[in-house]
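**Student:** Handing you this structure, nothing more for now.
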Amino acid sequence: MDSVPSDGSVLALKILVAGGFGVGKTTLVGSVSEIRPLRTEERLTAAGRGVDDLGGVEQKTTTTVAMDFGRITIREGLSVYLFGTPGQDRFWFLWDELAQGALGAVVLADTRRLTDCFPAVDFFEHRGIPFVVAVNRFAGTRDFRPEEVARALDLDGGTPVVVCDARRRASGKDVLVNLVEHAGRVHAARLLADTRR
């Protein structure tokens with residue numbers, strides 16, 4: 001059985017869950033977290049009607065105003081911390097702080113509102129943070145192949161696109177495994193490039 005290193009250190013990996021408004025970030029964090037997730041959701045009010053675009057998510061009644069937080073313990077001494085970012089652009093100032101020290105990110109996408117994930121894709125590409133795009137399946141939506149989504153989002157080559165159901169724990173875990181594997185490849189390639197300089 002694995003144990004905590006003799007120096008007592010604990011390793012925590014930080015993963016962000018980002019995407020547009022109403023795409024399922026809070027749901028994904030909640031479905032995979034082993035602890036009751038910290039949520040900063042507030043009810044949508046009349047004051048936000050002119051600001052928040054509810055097209056395609058008319059049934060949404062709450063919104064994240066700071067972040068969601070969850071945890072997964074891989075083994076003793078190794079945990080994954082999940083930070084769900086707020087989706088509306090008025091809260092994007094929080095993203096820089098949340099992104100500090102992140103191993104990588106999941107960009108959740110809703111094919112009914114695919115353009116809503118462009119800001120998250122741009123954010124992570126410009127900062128060199130490895131990410132995967134996870135297409136969250138919603139009832140009654142058309143299915144697209146991952147390569148079609150990658151082309152529509154003009155993703156850099158090698159950026160994985162996976163299909164998921166954010167409500168299902170196993171599906172969310174598969175997304176996180178894809179991200180960790182992708183981030184490992186990206187970081188290994190960067191180390192190799194640095195040693196060749």
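Identifiers for the structure tokens are assigned positionally: chains receive A, B, ... in sequence, residues are indexed from 1 per chain, and ligands are indexed from 1 in the order shown.
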Could you list, as a ChimeraX atom specification, every residue within 9 Å of Ser31 in chain A, counting only C-alpha atoms and ignoring same-chain residues fewer than 5 positions away?
**Tutor:** /A:26,166-170,172
**Student:** So, with only C-alpha atoms as the atoms that count, which of A:Gly140, A:Ile72, A:Ala150, A:Ile15 lies closest to Ala102 in chain A?
**Tutor:**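 Ranked by minimum distance to Ala102 in chain A, first place goes to A:Ile15.
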**Student:** Excluding same-chain residues fewer than 6 positions from Thr115 in chain A, what lies within 9 Å of it counting only C-alpha atoms, as JSON, numbers by chain?
**Tutor:** {"A": [20, 109, 152, 153]}
**Student:** If we count only C-alpha atoms, what is near Gly70 in chain A at a cut-off of 8 Å, once residues fewer than 5 positions away on the same chain are taken out, given as a ChimeraX atom specification?
**Tutor:** /A:29-30,32-38,81-83
**Student:** Might you pull out every residue within 10 Å of Arg145 in chain A, with only C-alpha atoms counted and same-chain residues fewer than 2 positions away left off, and present them as an MDAnalysis selection string?
**Tutor:** chainID A and resid 135 143 147:150 161:163
**Student:** Got time to write the residues from that selection, N, CA, C and O atoms, as a CSV table (one decimal), in the first residue's frame?
**Tutor:**
chain,number,residue,atom,x,y,z
A,135,VAL,N,-17.3,17.4,-24.3
A,135,VAL,CA,-18.6,17.8,-24.8
A,135,VAL,C,-19.7,17.1,-23.9
A,135,VAL,O,-19.8,15.9,-23.9
A,143,ASP,N,-25.7,14.8,-31.8
A,143,ASP,CA,-24.3,14.3,-31.5
A,143,ASP,C,-23.4,14.7,-32.6
A,143,ASP,O,-23.7,14.7,-33.8
A,147,GLU,N,-13.9,15.0,-33.7
A,147,GLU,CA,-13.1,15.8,-34.7
A,147,GLU,C,-13.9,17.0,-35.3
A,147,GLU,O,-13.3,18.0,-35.7
A,148,GLU,N,-15.2,16.9,-35.4
A,148,GLU,CA,-16.0,18.0,-35.8
A,148,GLU,C,-16.0,19.1,-34.8
A,148,GLU,O,-15.9,20.3,-35.2
A,149,VAL,N,-16.1,18.8,-33.5
A,149,VAL,CA,-16.0,19.8,-32.5
A,149,VAL,C,-14.6,20.5,-32.5
A,149,VAL,O,-14.5,21.7,-32.4
A,150,ALA,N,-13.6,19.7,-32.6
A,150,ALA,CA,-12.2,20.2,-32.7
A,150,ALA,C,-12.0,21.2,-33.8
A,150,ALA,O,-11.4,22.3,-33.7
A,161,VAL,N,-10.6,15.9,-27.5
A,161,VAL,CA,-12.0,16.2,-27.4
A,161,VAL,C,-12.7,14.9,-27.0
A,161,VAL,O,-12.5,13.9,-27.7
A,162,VAL,N,-13.4,14.9,-25.9
A,162,VAL,CA,-14.1,13.7,-25.4
A,162,VAL,C,-15.5,14.0,-25.2
A,162,VAL,O,-15.9,15.2,-25.0
A,163,VAL,N,-16.4,13.0,-25.2
A,163,VAL,CA,-17.8,13.2,-24.9
A,163,VAL,C,-18.1,12.7,-23.5
A,163,VAL,O,-17.5,11.7,-23.1
**Student:** Excluding Lys25 in chain A and any residue of its chain fewer than 3 positions from it, enumerate the residues within 7 Å of it, using only C-alpha atoms, and give them as a VMD selection string.
**Tutor:** chain A and resid 17 to 18 28 to 29 84 108
**Student:** Select from range 62-126 of chain A everything DSSP, run on the backbone, classes as strand (DSSP E or B), then give the selection as a compact mmCIF listing (two decimals) with C-alpha atoms, in the first residue's frame.
**Tutor:**
# COMPACT_ATOMS: atom_id res chain seq x y z
CA THR A 62 -28.74 29.56 -10.27
CA THR A 63 -25.26 30.62 -11.29
CA THR A 64 -21.75 30.28 -9.87
CA VAL A 65 -20.46 33.66 -8.70
CA ALA A 66 -16.97 32.72 -7.52
CA MET A 67 -16.01 29.06 -7.89
CA ASP A 68 -16.89 25.47 -7.14
CA PHE A 69 -14.45 23.29 -5.24
CA GLY A 70 -14.18 19.52 -4.97
CA ARG A 71 -11.55 16.92 -4.06
CA ILE A 72 -10.58 13.43 -5.14
CA THR A 73 -8.04 11.40 -3.16
CA ILE A 74 -5.95 9.24 -5.49
CA ARG A 75 -4.00 7.62 -2.67
CA LEU A 78 -1.93 12.48 -3.39
CA SER A 79 -5.12 14.41 -4.05
CA VAL A 80 -6.74 16.22 -6.96
CA TYR A 81 -8.38 19.56 -6.23
CA LEU A 82 -11.07 20.64 -8.68
CA PHE A 83 -11.91 24.30 -9.18
CA GLY A 84 -14.98 25.14 -11.25
CA GLY A 104 -4.51 21.51 -16.61
CA ALA A 105 -8.13 22.24 -17.35
CA VAL A 106 -11.34 20.74 -18.63
CA VAL A 107 -13.29 22.99 -20.98
CA LEU A 108 -16.90 21.82 -20.93
CA ALA A 109 -18.80 22.41 -24.15
**Student:** Considering only C-alpha atoms, can you say which of A:Leu16, A:Cys117, A:Val186, A:Ala193 comes closest to Asp154 in chain A?
**Tutor:**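 Nearest to Asp154 in chain A: A:Cys117.
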**Student:** Of the residues A:Val23, A:Ile129, A:Val180, A:Leu114, which is the one nearest to Gln100 in chain A, using only C-alpha atoms?
**Tutor:**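 With only C-alpha atoms as the atom set, the closest residue is A:Ile129.
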**Student:** From the options A:Phe21, A:Asp96, A:Ser171, A:Leu13, which residue's atoms come nearest to Asp116 in chain A, counting only C-alpha atoms?
**Tutor:**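 Ranking A:Phe21, A:Asp96, A:Ser171, A:Leu13 by distance to Asp116 in chain A, first place goes to A:Phe21.
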**Student:** Could you check which of A:Gly184, A:Gly19, A:Gly77, A:Gly101 is closest to Arg127 in chain A, using only C-alpha atoms?
**Tutor:** A:Gly101
**Student:** So, counting only C-alpha atoms, which residue among A:Cys164, A:Ala99, A:Val10, A:Ala139 is closest to Phe123 in chain A?
**Tutor:** A:Ala99
